[in-house]
Structure formats: C-alpha cells, structure tokens
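**Student:** The following file, query.json, comprises JSON, C-alpha atoms:
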```json
[["chain", "number", "residue", "atom", "x", "y", "z"],
["O", 5, "MET", "CA", -2.89, 19.15, 3.19],
["O", 6, "SER", "CA", -3.57, 15.82, 1.48],
["O", 7, "VAL", "CA", -5.16, 12.84, 3.23],
["O", 8, "LEU", "CA", -1.76, 11.15, 3.28],
["O", 9, "ASP", "CA", -0.11, 14.20, 4.83],
["O", 10, "ASP", "CA", -2.77, 14.31, 7.53],
["O", 11, "ILE", "CA", -2.36, 10.60, 8.32],
["O", 12, "VAL", "CA", 1.44, 10.89, 8.51],
["O", 13, "ALA", "CA", 1.16, 13.89, 10.85],
["O", 14, "GLY", "CA", -0.97, 11.81, 13.23],
["O", 15, "VAL", "CA", 1.43, 8.88, 12.93],
["O", 16, "ARG", "CA", 4.35, 11.10, 13.93],
["O", 17, "THR", "CA", 2.46, 12.39, 16.98],
["O", 18, "ASP", "CA", 1.63, 8.87, 18.16],
["O", 19, "LEU", "CA", 5.16, 7.71, 17.38],
["O", 20, "ALA", "CA", 6.64, 10.41, 19.61],
["O", 21, "ALA", "CA", 4.60, 9.10, 22.53],
["O", 22, "ARG", "CA", 5.83, 5.54, 21.98],
["O", 23, "GLU", "CA", 9.44, 6.70, 21.64],
["O", 24, "SER", "CA", 9.19, 8.48, 24.99],
["O", 25, "ALA", "CA", 7.93, 5.29, 26.63],
["O", 26, "THR", "CA", 10.32, 2.80, 24.99],
["O", 27, "THR", "CA", 13.78, 3.69, 23.75],
["O", 28, "LEU", "CA", 15.21, 2.46, 20.48],
["O", 29, "ALA", "CA", 17.94, 0.71, 22.46],
["O", 30, "ASP", "CA", 15.31, -1.21, 24.43],
["O", 31, "LEU", "CA", 13.55, -2.23, 21.23],
["O", 32, "ARG", "CA", 16.79, -3.46, 19.70],
["O", 33, "ALA", "CA", 17.53, -5.44, 22.85],
["O", 34, "ALA", "CA", 14.12, -7.12, 22.51],
["O", 35, "LEU", "CA", 15.08, -8.45, 19.07],
["O", 36, "ALA", "CA", 17.16, -11.15, 20.74],
["O", 37, "ASP", "CA", 13.96, -12.85, 21.89],
["O", 38, "VAL", "CA", 12.19, -12.74, 18.51],
["O", 39, "ASP", "CA", 12.09, -15.73, 16.15],
["O", 40, "PRO", "CA", 13.96, -15.29, 12.85],
["O", 41, "PRO", "CA", 11.88, -13.60, 10.13],
["O", 42, "ARG", "CA", 9.90, -15.80, 7.75],
["O", 43, "ASP", "CA", 10.54, -15.37, 4.02],
["O", 44, "PRO", "CA", 7.34, -15.00, 1.95],
["O", 45, "MET", "CA", 9.08, -14.60, -1.41],
["O", 46, "PRO", "CA", 9.15, -18.27, -2.50],
["O", 47, "HIS", "CA", 5.37, -18.41, -2.06],
["O", 48, "PHE", "CA", 4.93, -15.12, -3.93],
["O", 49, "ARG", "CA", 7.03, -16.39, -6.82],
["O", 50, "ALA", "CA", 5.14, -19.68, -7.12],
["O", 51, "ALA", "CA", 2.64, -20.29, -9.91],
["O", 52, "GLY", "CA", -0.83, -18.84, -9.48],
["O", 53, "SER", "CA", -1.94, -15.99, -7.25],
["O", 54, "SER", "CA", -0.75, -15.54, -3.68],
["O", 55, "VAL", "CA", -3.01, -13.72, -1.23],
["O", 56, "ILE", "CA", -1.89, -11.23, 1.40],
["O", 57, "ALA", "CA", -4.95, -11.23, 3.65],
["O", 58, "GLU", "CA", -5.48, -8.14, 5.76],
["O", 59, "VAL", "CA", -6.71, -7.57, 9.31],
["O", 60, "LYS", "CA", -8.49, -4.25, 8.80],
["O", 61, "ARG", "CA", -11.17, -2.71, 11.00],
["O", 62, "ARG", "CA", -11.79, 0.54, 9.18],
["O", 63, "SER", "CA", -10.42, 2.90, 6.56],
["O", 64, "PRO", "CA", -10.47, 6.65, 5.86],
["O", 65, "SER", "CA", -12.52, 6.10, 2.71],
["O", 66, "LYS", "CA", -15.11, 3.57, 3.96],
["O", 67, "GLY", "CA", -15.22, 4.13, 7.71],
["O", 68, "ASP", "CA", -15.95, 1.08, 9.87],
["O", 69, "LEU", "CA", -15.58, -2.20, 7.95],
["O", 70, "ALA", "CA", -15.75, -4.94, 10.57],
["O", 71, "ASP", "CA", -15.85, -5.40, 14.33],
["O", 72, "ILE", "CA", -12.69, -7.49, 14.70],
["O", 73, "THR", "CA", -12.57, -8.33, 18.40],
["O", 74, "ASP", "CA", -10.20, -11.27, 17.91],
["O", 75, "PRO", "CA", -7.56, -10.60, 15.23],
["O", 76, "ALA", "CA", -5.84, -13.88, 16.10],
["O", 77, "ALA", "CA", -8.96, -15.88, 15.23],
["O", 78, "LEU", "CA", -9.30, -14.04, 11.92],
["O", 79, "ALA", "CA", -5.63, -14.70, 11.17],
["O", 80, "ARG", "CA", -6.13, -18.41, 11.79],
["O", 81, "GLU", "CA", -9.00, -18.38, 9.27],
["O", 82, "TYR", "CA", -6.76, -16.66, 6.73],
["O", 83, "ALA", "CA", -3.95, -19.14, 7.31],
["O", 84, "ALA", "CA", -6.31, -22.09, 6.97],
["O", 85, "GLY", "CA", -7.47, -20.64, 3.65],
["O", 86, "GLY", "CA", -3.91, -20.64, 2.33],
["O", 87, "ALA", "CA", -2.89, -16.99, 2.73],
["O", 88, "ALA", "CA", 0.75, -16.45, 1.74],
["O", 89, "ALA", "CA", 1.03, -13.61, 4.25],
["O", 90, "ILE", "CA", -1.18, -11.75, 6.70],
["O", 91, "SER", "CA", -1.19, -7.96, 6.71],
["O", 92, "VAL", "CA", -1.98, -6.26, 10.01],
["O", 93, "LEU", "CA", -2.87, -2.59, 10.00],
["O", 94, "THR", "CA", -1.23, -1.05, 13.04],
["O", 95, "GLU", "CA", -2.20, 2.62, 12.50],
["O", 96, "GLN", "CA", -4.72, 3.58, 15.16],
["O", 97, "ARG", "CA", -6.30, 6.94, 14.26],
["O", 98, "ARG", "CA", -7.68, 6.15, 10.82],
["O", 99, "PHE", "CA", -7.59, 2.35, 10.73],
["O", 100, "GLY", "CA", -8.23, 1.28, 14.34],
["O", 101, "GLY", "CA", -5.18, -0.97, 14.48],
["O", 102, "SER", "CA", -2.30, -1.45, 16.90],
["O", 103, "LEU", "CA", 0.92, -3.33, 17.46],
["O", 104, "ASP", "CA", -1.02, -5.46, 19.91],
["O", 105, "ASP", "CA", -3.02, -6.75, 16.95],
["O", 106, "LEU", "CA", 0.22, -7.68, 15.21],
["O", 107, "ARG", "CA", 1.54, -9.45, 18.29],
["O", 108, "ALA", "CA", -1.71, -11.41, 18.63],
["O", 109, "VAL", "CA", -1.57, -12.49, 14.99],
["O", 110, "ARG", "CA", 2.10, -13.44, 15.25],
["O", 111, "ALA", "CA", 1.35, -15.66, 18.26],
["O", 112, "ALA", "CA", -1.54, -17.35, 16.45],
["O", 113, "VAL", "CA", -0.05, -18.34, 13.07],
["O", 114, "ASP", "CA", 3.21, -19.36, 11.40],
["O", 115, "THR", "CA", 2.31, -17.43, 8.24],
["O", 116, "PRO", "CA", 4.55, -14.43, 7.42],
["O", 117, "VAL", "CA", 3.13, -11.23, 8.88],
["O", 118, "LEU", "CA", 3.27, -7.76, 7.34],
["O", 119, "ARG", "CA", 3.22, -4.60, 9.40],
["O", 120, "LYS", "CA", 0.94, -2.30, 7.37],
["O", 121, "ASP", "CA", 1.45, 1.26, 8.55],
["O", 122, "PHE", "CA", 2.80, 4.63, 7.50],
["O", 123, "ILE", "CA", 6.46, 4.03, 8.27],
["O", 124, "VAL", "CA", 8.60, 7.16, 8.29],
["O", 125, "THR", "CA", 11.39, 6.32, 10.77],
["O", 126, "ALA", "CA", 13.73, 3.43, 11.51],
["O", 127, "TYR", "CA", 12.18, 3.19, 14.99],
["O", 128, "GLN", "CA", 8.98, 1.84, 13.42],
["O", 129, "LEU", "CA", 10.91, -0.85, 11.57],
["O", 130, "VAL", "CA", 12.58, -2.02, 14.78],
["O", 131, "GLU", "CA", 9.15, -1.93, 16.45],
["O", 132, "ALA", "CA", 7.80, -4.12, 13.67],
["O", 133, "ARG", "CA", 10.54, -6.72, 13.98],
["O", 134, "ALA", "CA", 10.35, -6.69, 17.80],
["O", 135, "ALA", "CA", 6.61, -7.39, 17.53],
["O", 136, "GLY", "CA", 7.30, -10.35, 15.25],
["O", 137, "ALA", "CA", 6.71, -8.85, 11.81],
["O", 138, "ASP", "CA", 8.37, -10.51, 8.83],
["O", 139, "LEU", "CA", 7.50, -7.81, 6.31],
["O", 140, "ALA", "CA", 7.11, -4.03, 6.43],
["O", 141, "LEU", "CA", 5.39, -1.57, 4.13],
["O", 142, "LEU", "CA", 7.14, 1.50, 2.73],
["O", 143, "ILE", "CA", 4.90, 3.95, 0.86],
["O", 144, "VAL", "CA", 6.86, 5.84, -1.78],
["O", 145, "ALA", "CA", 4.44, 8.79, -1.73],
["O", 146, "ALA", "CA", 5.21, 9.42, 1.96],
["O", 147, "LEU", "CA", 9.01, 9.46, 1.64],
["O", 148, "THR", "CA", 11.81, 11.34, -0.08],
["O", 149, "ASP", "CA", 14.33, 9.32, -2.09],
["O", 150, "ASP", "CA", 16.88, 9.54, 0.73],
["O", 151, "GLN", "CA", 14.31, 8.48, 3.34],
["O", 152, "LEU", "CA", 13.08, 5.63, 1.15],
["O", 153, "ARG", "CA", 16.56, 4.25, 0.55],
["O", 154, "ALA", "CA", 17.61, 4.58, 4.20],
["O", 155, "LEU", "CA", 14.48, 2.84, 5.46],
["O", 156, "HIS", "CA", 14.70, 0.14, 2.80],
["O", 157, "ASP", "CA", 18.31, -0.57, 3.78],
["O", 158, "GLU", "CA", 17.43, -0.60, 7.50],
["O", 159, "ALA", "CA", 14.54, -2.98, 6.93],
["O", 160, "ARG", "CA", 16.72, -5.38, 4.99],
["O", 161, "GLU", "CA", 19.39, -5.28, 7.71],
["O", 162, "LEU", "CA", 16.69, -6.27, 10.20],
["O", 163, "GLY", "CA", 15.74, -9.21, 7.99],
["O", 164, "LEU", "CA", 12.40, -7.72, 6.96],
["O", 165, "THR", "CA", 11.00, -8.27, 3.48],
["O", 166, "VAL", "CA", 9.93, -4.87, 2.17],
["O", 167, "LEU", "CA", 6.70, -4.23, 0.29],
["O", 168, "VAL", "CA", 7.29, -0.95, -1.54],
["O", 169, "GLU", "CA", 3.98, 0.67, -2.49],
["O", 170, "VAL", "CA", 3.44, 2.92, -5.52],
["O", 171, "HIS", "CA", 0.48, 4.80, -7.00],
["O", 172, "ASP", "CA", 1.74, 6.42, -10.20],
["O", 173, "GLU", "CA", 4.46, 6.33, -12.86],
["O", 174, "ALA", "CA", 6.99, 8.50, -11.03],
["O", 175, "GLU", "CA", 6.68, 6.47, -7.83],
["O", 176, "THR", "CA", 7.03, 3.24, -9.80],
["O", 177, "GLU", "CA", 10.26, 4.47, -11.37],
["O", 178, "ARG", "CA", 11.57, 5.34, -7.90],
["O", 179, "ALA", "CA", 10.71, 1.88, -6.54],
["O", 180, "VAL", "CA", 12.37, 0.14, -9.48],
["O", 181, "ALA", "CA", 15.50, 2.30, -9.18],
["O", 182, "LEU", "CA", 15.63, 1.45, -5.47],
["O", 183, "GLY", "CA", 15.95, -2.21, -6.38],
["O", 184, "ALA", "CA", 12.74, -3.16, -4.55],
["O", 185, "GLU", "CA", 12.05, -6.86, -4.97],
["O", 186, "LEU", "CA", 8.40, -6.66, -3.92],
["O", 187, "ILE", "CA", 6.39, -3.79, -5.42],
["O", 188, "GLY", "CA", 2.75, -3.14, -4.59],
["O", 189, "VAL", "CA", 0.61, -1.10, -6.96],
["O", 190, "ASN", "CA", -2.22, 0.50, -5.02],
["O", 191, "ALA", "CA", -5.24, 1.49, -7.09],
["O", 192, "ARG", "CA", -6.22, 3.88, -4.30],
["O", 193, "ASN", "CA", -4.47, 7.23, -4.35],
["O", 194, "LEU", "CA", -3.70, 7.94, -0.69],
["O", 195, "LYS", "CA", -3.53, 11.66, -1.36],
["O", 196, "THR", "CA", -7.16, 11.83, -2.56],
["O", 197, "LEU", "CA", -8.57, 8.34, -1.67],
["O", 198, "ALA", "CA", -9.83, 8.00, -5.25],
["O", 199, "VAL", "CA", -9.63, 4.49, -6.76],
["O", 200, "ASP", "CA", -8.67, 3.85, -10.37],
["O", 201, "GLY", "CA", -9.16, 0.24, -11.39],
["O", 202, "GLU", "CA", -6.79, 0.67, -14.33],
["O", 203, "THR", "CA", -3.79, 1.68, -12.21],
["O", 204, "PHE", "CA", -2.22, -1.77, -11.98],
["O", 205, "GLY", "CA", -2.51, -2.46, -15.70],
["O", 206, "ARG", "CA", -0.94, 0.91, -16.46],
["O", 207, "LEU", "CA", 1.99, 0.61, -14.03],
["O", 208, "ALA", "CA", 2.80, -3.11, -14.13],
["O", 209, "PRO", "CA", 4.69, -2.88, -17.47],
["O", 210, "LEU", "CA", 7.08, -0.38, -15.85],
["O", 211, "ILE", "CA", 8.15, -3.01, -13.28],
["O", 212, "PRO", "CA", 10.74, -5.59, -14.44],
["O", 213, "ASP", "CA", 9.53, -9.16, -14.55],
["O", 214, "ASP", "CA", 12.18, -10.27, -12.05],
["O", 215, "ARG", "CA", 10.35, -8.27, -9.35],
["O", 216, "VAL", "CA", 7.18, -9.55, -7.65],
["O", 217, "LYS", "CA", 4.21, -7.35, -8.50],
["O", 218, "VAL", "CA", 1.38, -7.03, -5.97],
["O", 219, "ALA", "CA", -2.07, -5.65, -6.82],
["O", 220, "GLU", "CA", -3.67, -3.66, -4.01],
["O", 221, "SER", "CA", -7.22, -2.25, -3.59],
["O", 222, "GLY", "CA", -10.33, -2.91, -5.66],
["O", 223, "ILE", "CA", -10.16, -6.70, -5.26],
["O", 224, "PHE", "CA", -13.45, -8.34, -4.31],
["O", 225, "GLY", "CA", -13.33, -11.85, -5.76],
["O", 226, "PRO", "CA", -11.55, -14.41, -7.97],
["O", 227, "ASP", "CA", -12.51, -12.58, -11.18],
["O", 228, "ASP", "CA", -10.65, -9.48, -10.00],
["O", 229, "VAL", "CA", -7.68, -11.63, -9.04],
["O", 230, "ALA", "CA", -7.64, -13.30, -12.46],
["O", 231, "ARG", "CA", -7.65, -9.91, -14.18],
["O", 232, "PHE", "CA", -4.69, -8.68, -12.17],
["O", 233, "VAL", "CA", -2.78, -11.94, -12.61],
["O", 234, "SER", "CA", -3.28, -11.64, -16.38],
["O", 235, "GLN", "CA", -1.66, -8.20, -16.11],
["O", 236, "GLY", "CA", 1.38, -9.53, -14.25],
["O", 237, "ALA", "CA", 0.44, -9.71, -10.57],
["O", 238, "ARG", "CA", 1.91, -12.57, -8.56],
["O", 239, "ALA", "CA", 0.13, -11.56, -5.37],
["O", 240, "VAL", "CA", -2.92, -9.60, -4.30],
["O", 241, "LEU", "CA", -3.43, -7.70, -1.06],
["O", 242, "VAL", "CA", -7.06, -7.91, 0.07],
["O", 243, "GLY", "CA", -8.66, -6.36, 3.13],
["O", 244, "GLU", "CA", -12.22, -5.08, 2.88],
["O", 245, "ALA", "CA", -13.60, -8.02, 0.89],
["O", 246, "LEU", "CA", -12.22, -10.52, 3.41],
["O", 247, "VAL", "CA", -13.16, -8.83, 6.67],
["O", 248, "LYS", "CA", -16.73, -8.31, 5.41],
["O", 249, "ASP", "CA", -17.10, -11.88, 4.14],
["O", 250, "GLY", "CA", -18.91, -14.32, 6.42],
["O", 251, "ASP", "CA", -16.40, -17.06, 5.54],
["O", 252, "PRO", "CA", -12.93, -15.48, 5.29],
["O", 253, "GLN", "CA", -11.21, -18.86, 5.06],
["O", 254, "GLN", "CA", -13.16, -19.82, 1.95],
["O", 255, "ALA", "CA", -12.81, -16.31, 0.51],
["O", 256, "VAL", "CA", -9.02, -16.54, 0.74],
["O", 257, "ARG", "CA", -9.06, -20.04, -0.71],
["O", 258, "ALA", "CA", -11.11, -18.84, -3.70],
["O", 259, "MET", "CA", -8.53, -16.12, -4.46],
["O", 260, "THR", "CA", -5.48, -18.36, -4.03],
["O", 261, "GLY", "CA", -3.84, -20.07, -6.99],
["O", 262, "VAL", "CA", -5.90, -18.17, -9.56],
["O", 263, "ARG", "CA", -4.41, -18.06, -13.07],
["O", 264, "GLY", "CA", -4.89, -15.13, -15.38]]
```
Would you put the structure from the file into structure tokens?
**Tutor:**
Amino acid sequence: MSVLDDIVAGVRTDLAARESATTLADLRAALADVDPPRDPMPHFRAAGSSVIAEVKRRSPSKGDLADITDPAALAREYAAGGAAAISVLTEQRRFGGSLDDLRAVRAAVDTPVLRKDFIVTAYQLVEARAAGADLALLIVAALTDDQLRALHDEARELGLTVLVEVHDEAETERAVALGAELIGVNARNLKTLAVDGETFGRLAPLIPDDRVKVAESGIFGPDDVARFVSQGARAVLVGEALVKDGDPQQAVRAMTGVRG
C-alpha cells in the first residue's frame, strides 16, 4: 500500500463517522446560510506570482512543522502579506487539521479559502462549501477518471474553484483532458513522498497556456518562486516555509508579485 492509499483509507474511515453524525441533506440545507464563493482566478491570472499560503501543522514526510494554536491569526498575517488564497489542511490523521480550522480562517479573512484534503466523495465538497471554502483540491492520483470528472462537476455546481493536482505526465494529461482551469503540479510524489525539484519544469509544457499553472512543494523563498514563474507558474502553494518563518506576513509579501 502506498502512502497515498494509506492516507485515503484513513480519510474514508473518518468520513464515515462524520456522515453518520451529519447527513448530506443537512449539509446542503446549511449552504443557504453561507456567503457566495469568492473567485480567486482574476488574482491568479494577474501579472507576477500569486501565493496560496497554507495553514499546515505537520506532514507525513516532515512530522510536526509548527504549533498553530490560532489558525485565524496566521490567516490574518497571510492576508496582510497579500496572499491570493489561503489553503487550510483539514485532514486530521497525518496533517493535524480540521474543518474547524477552515471555519476559523473563513471567519477571520475575506481572502479566498481552499479546502486542502484528500477528497474522494461529493459529501466532502458539500462539507467544504458549508464551512465557507471557495476552492477545493482534487488529487488526480487518488481518483479514477469517472470519479475525477464527477467530483469536478459537483464542485463547479457548488460554485467551488477546483485546484486539480498532478504529479506526473499521465496525471497531467488527465487533468488537461478534464478541462481543469487551475492545475497544480506537486513536486512531491504522494505515493512515495519523494520530492523532485524538476517536476514542474517537466510537466508545465504539457499544460495549455490558457490554464493557470500552480507550483507546489519545494518552495522556500523568492528565488524558488522566480524559477517556477520563469517555467510558467502563475501561482505557488507554500506551506512549510511560511509556518516555520517568524514573520509569515513578510514571507508572503516577498513571494508575491515575483517575475521570472
């Protein structure tokens, strides 16, 4: 079993518990009280780099990263630094996150918020929107073509912007064929946790220029951002470097608007 398979198995177990406590019908009813979703795409398409700043306590590869007792305060720092969107990890077992973190961030900032999780059912998309998310992550490696298309369609019907994540050539072809507007290239292979810093440069040419390309993983400062922008990235998703920095607001600011 790969690392990704193990994570998804845990996600499904936790999901079953939430589904038994709150029905899908109840979640859909809650959507009536949620503000309309915010659209991050104009910012992503603007000149210079956009930053998706992540609230991330730990990871399977690095263990504990930061003691984030107040995700709302961190989100406000990110927003003040000019983040185009804020990613909130909501997976609990491996990343220490929760939907409560997402709700806290949503209440604290007007910046578009991404639910970063291992989404395998439509229930999780409705959960995301009910909690105030504006974007949702779909990981191609975790889904069949039929699952990917069904979840992508459901997310769009809910008004969510979809970040479709890829790790290799075959996954990139699937994301492009899907019509994904926002495609993230993750340098970290979730099946092995290995990082290849050349992944974005190798896969970016396979993504049409009318799509927004996002570089993920292996980004620690403006020089990294400039390299990825020169290879076609319009946005970067950064977690570890920001949560470990003593001044996350300035760290985001330094990575924003970078030209390649």
**Student:** In Å to one decimal, how far is atom CA of O:Pro46 from atom CA of O:Ala208?
**Tutor:**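 Interatomic distance here is 20.1 Å.
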**Student:** Between O:Val144, O:Val59, O:Ile187, O:Ala159, which residue has the minimum interatomic distance to O:Leu129, considering only C-alpha atoms?
**Tutor:**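 Looking at the shortest contact to O:Leu129, the residue is O:Ala159.
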**Student:** Please indicate the distance in Å from atom CA of O:Pro212 to atom CA of O:Val170, rounded to one decimal place.
**Tutor:**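 Separation of atom CA of O:Pro212 and atom CA of O:Val170: 14.3 Å.
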**Student:** Restricting the calculation to all atoms listed in the file, which member of O:Met45, O:Leu246, O:Ala237, O:Leu152 is positioned closest to O:Leu164?
**Tutor:**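 Answer, going by the shortest atom-to-atom distance: O:Met45.
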**Student:** Compile the contact shell of O:Pro116 as a count of residues only: residues with an atom at most 6 Å away, counting only C-alpha atoms, same-chain residues fewer than 3 positions apart removed.
**Tutor:** 3
**Student:** Residues at most 12 Å from O:Ala77, counting all atoms listed in the file, excluding those fewer than 6 positions away in the same chain, as a compact mmCIF listing (two decimals) with C-alpha atoms, in the frame of the given file?
**Tutor:**
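So the final result, stored in part.txt, reads:
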```
# COMPACT_ATOMS: atom_id res chain seq x y z
CA VAL O 59 -6.71 -7.57 9.31
CA ALA O 83 -3.95 -19.14 7.31
CA ALA O 84 -6.31 -22.09 6.97
CA ASP O 105 -3.02 -6.75 16.95
CA ALA O 108 -1.71 -11.41 18.63
CA VAL O 109 -1.57 -12.49 14.99
CA ARG O 110 2.10 -13.44 15.25
CA ALA O 111 1.35 -15.66 18.26
CA ALA O 112 -1.54 -17.35 16.45
CA VAL O 113 -0.05 -18.34 13.07
CA VAL O 247 -13.16 -8.83 6.67
CA PRO O 252 -12.93 -15.48 5.29
CA GLN O 253 -11.21 -18.86 5.06
```
**Student:** Give me the stretch 234-260 of chain O side of the contact with stretch 70-73 of chain O, cut-off 12 Å, one line per residue showing its nearest atom pair and distance in Å at one decimal, counting only C-alpha atoms, sorted by chain and residue number, as JSON lines.
**Tutor:**
```
{"residue": "O:Gly243", "atom": "CA", "partner": "O:Ala70", "partner_atom": "CA", "distance": 10.4}
{"residue": "O:Glu244", "atom": "CA", "partner": "O:Ala70", "partner_atom": "CA", "distance": 8.5}
{"residue": "O:Ala245", "atom": "CA", "partner": "O:Ala70", "partner_atom": "CA", "distance": 10.4}
{"residue": "O:Leu246", "atom": "CA", "partner": "O:Ala70", "partner_atom": "CA", "distance": 9.7}
{"residue": "O:Val247", "atom": "CA", "partner": "O:Ala70", "partner_atom": "CA", "distance": 6.1}
{"residue": "O:Lys248", "atom": "CA", "partner": "O:Ala70", "partner_atom": "CA", "distance": 6.2}
{"residue": "O:Asp249", "atom": "CA", "partner": "O:Ala70", "partner_atom": "CA", "distance": 9.6}
{"residue": "O:Gly250", "atom": "CA", "partner": "O:Ala70", "partner_atom": "CA", "distance": 10.7}
```
**Student:** Interatomic distance between atom CA of O:Asp39 and atom CA of O:Arg97?
**Tutor:** 29.3 Å
**Student:** Nearest residue to O:Thr165 out of O:Lys217, O:Arg98, O:Pro41, O:Ser63, using only C-alpha atoms?
**Tutor:**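 Nearest candidate to O:Thr165 out of O:Lys217, O:Arg98, O:Pro41, O:Ser63: O:Pro41.
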**Student:** Restricting the calculation to only C-alpha atoms: of O:Gly136, O:Gly264, O:Gly86, O:Gly205, which residue gets closest to O:Leu106?
**Tutor:** O:Gly136
**Student:** When distances are computed from only C-alpha atoms, which of O:Asp251, O:Glu220, O:Asp37, O:Glu58 shows the smallest separation from O:Ala79?
**Tutor:**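 Of O:Asp251, O:Glu220, O:Asp37, O:Glu58, the one nearest O:Ala79, counting only C-alpha atoms, is O:Glu58.
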**Student:** Smallest atom-to-atom distance to O:Arg80: which of O:Asp227, O:Glu169, O:Leu155, O:Val256, using only C-alpha atoms?
**Tutor:**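 Residue with the minimum atom-to-atom distance to O:Arg80: O:Val256.
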**Student:** Contacts of O:His171 at 12 Å or less, counting only C-alpha atoms, minus same-chain residues fewer than 3 places along, as a PyMOL selection string?
**Tutor:** chain O and resi 143-146+168+174-179+187-208+218-221
**Student:** Show me, as lines of an AutoDock Vina configuration file, the centre and edge lengths in Å to one decimal of the axis-aligned box that covers every listed atom of stretch 246-258 of chain O with 4 Å on each side.
**Tutor:**
```
center_x = -14.0
center_y = -14.2
center_z = 1.5
size_x = 17.9
size_y = 19.7
size_z = 18.4
```
**Student:** Residues around (1.0, -10.3, 9.0), cut-off 6 Å, counting only C-alpha atoms - what are they as a list in words?
**Tutor:**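 Residues found, by chain and rising number: Ala89, Ile90, Ser91, Val92, Pro116, Val117 and Leu118 of chain O.
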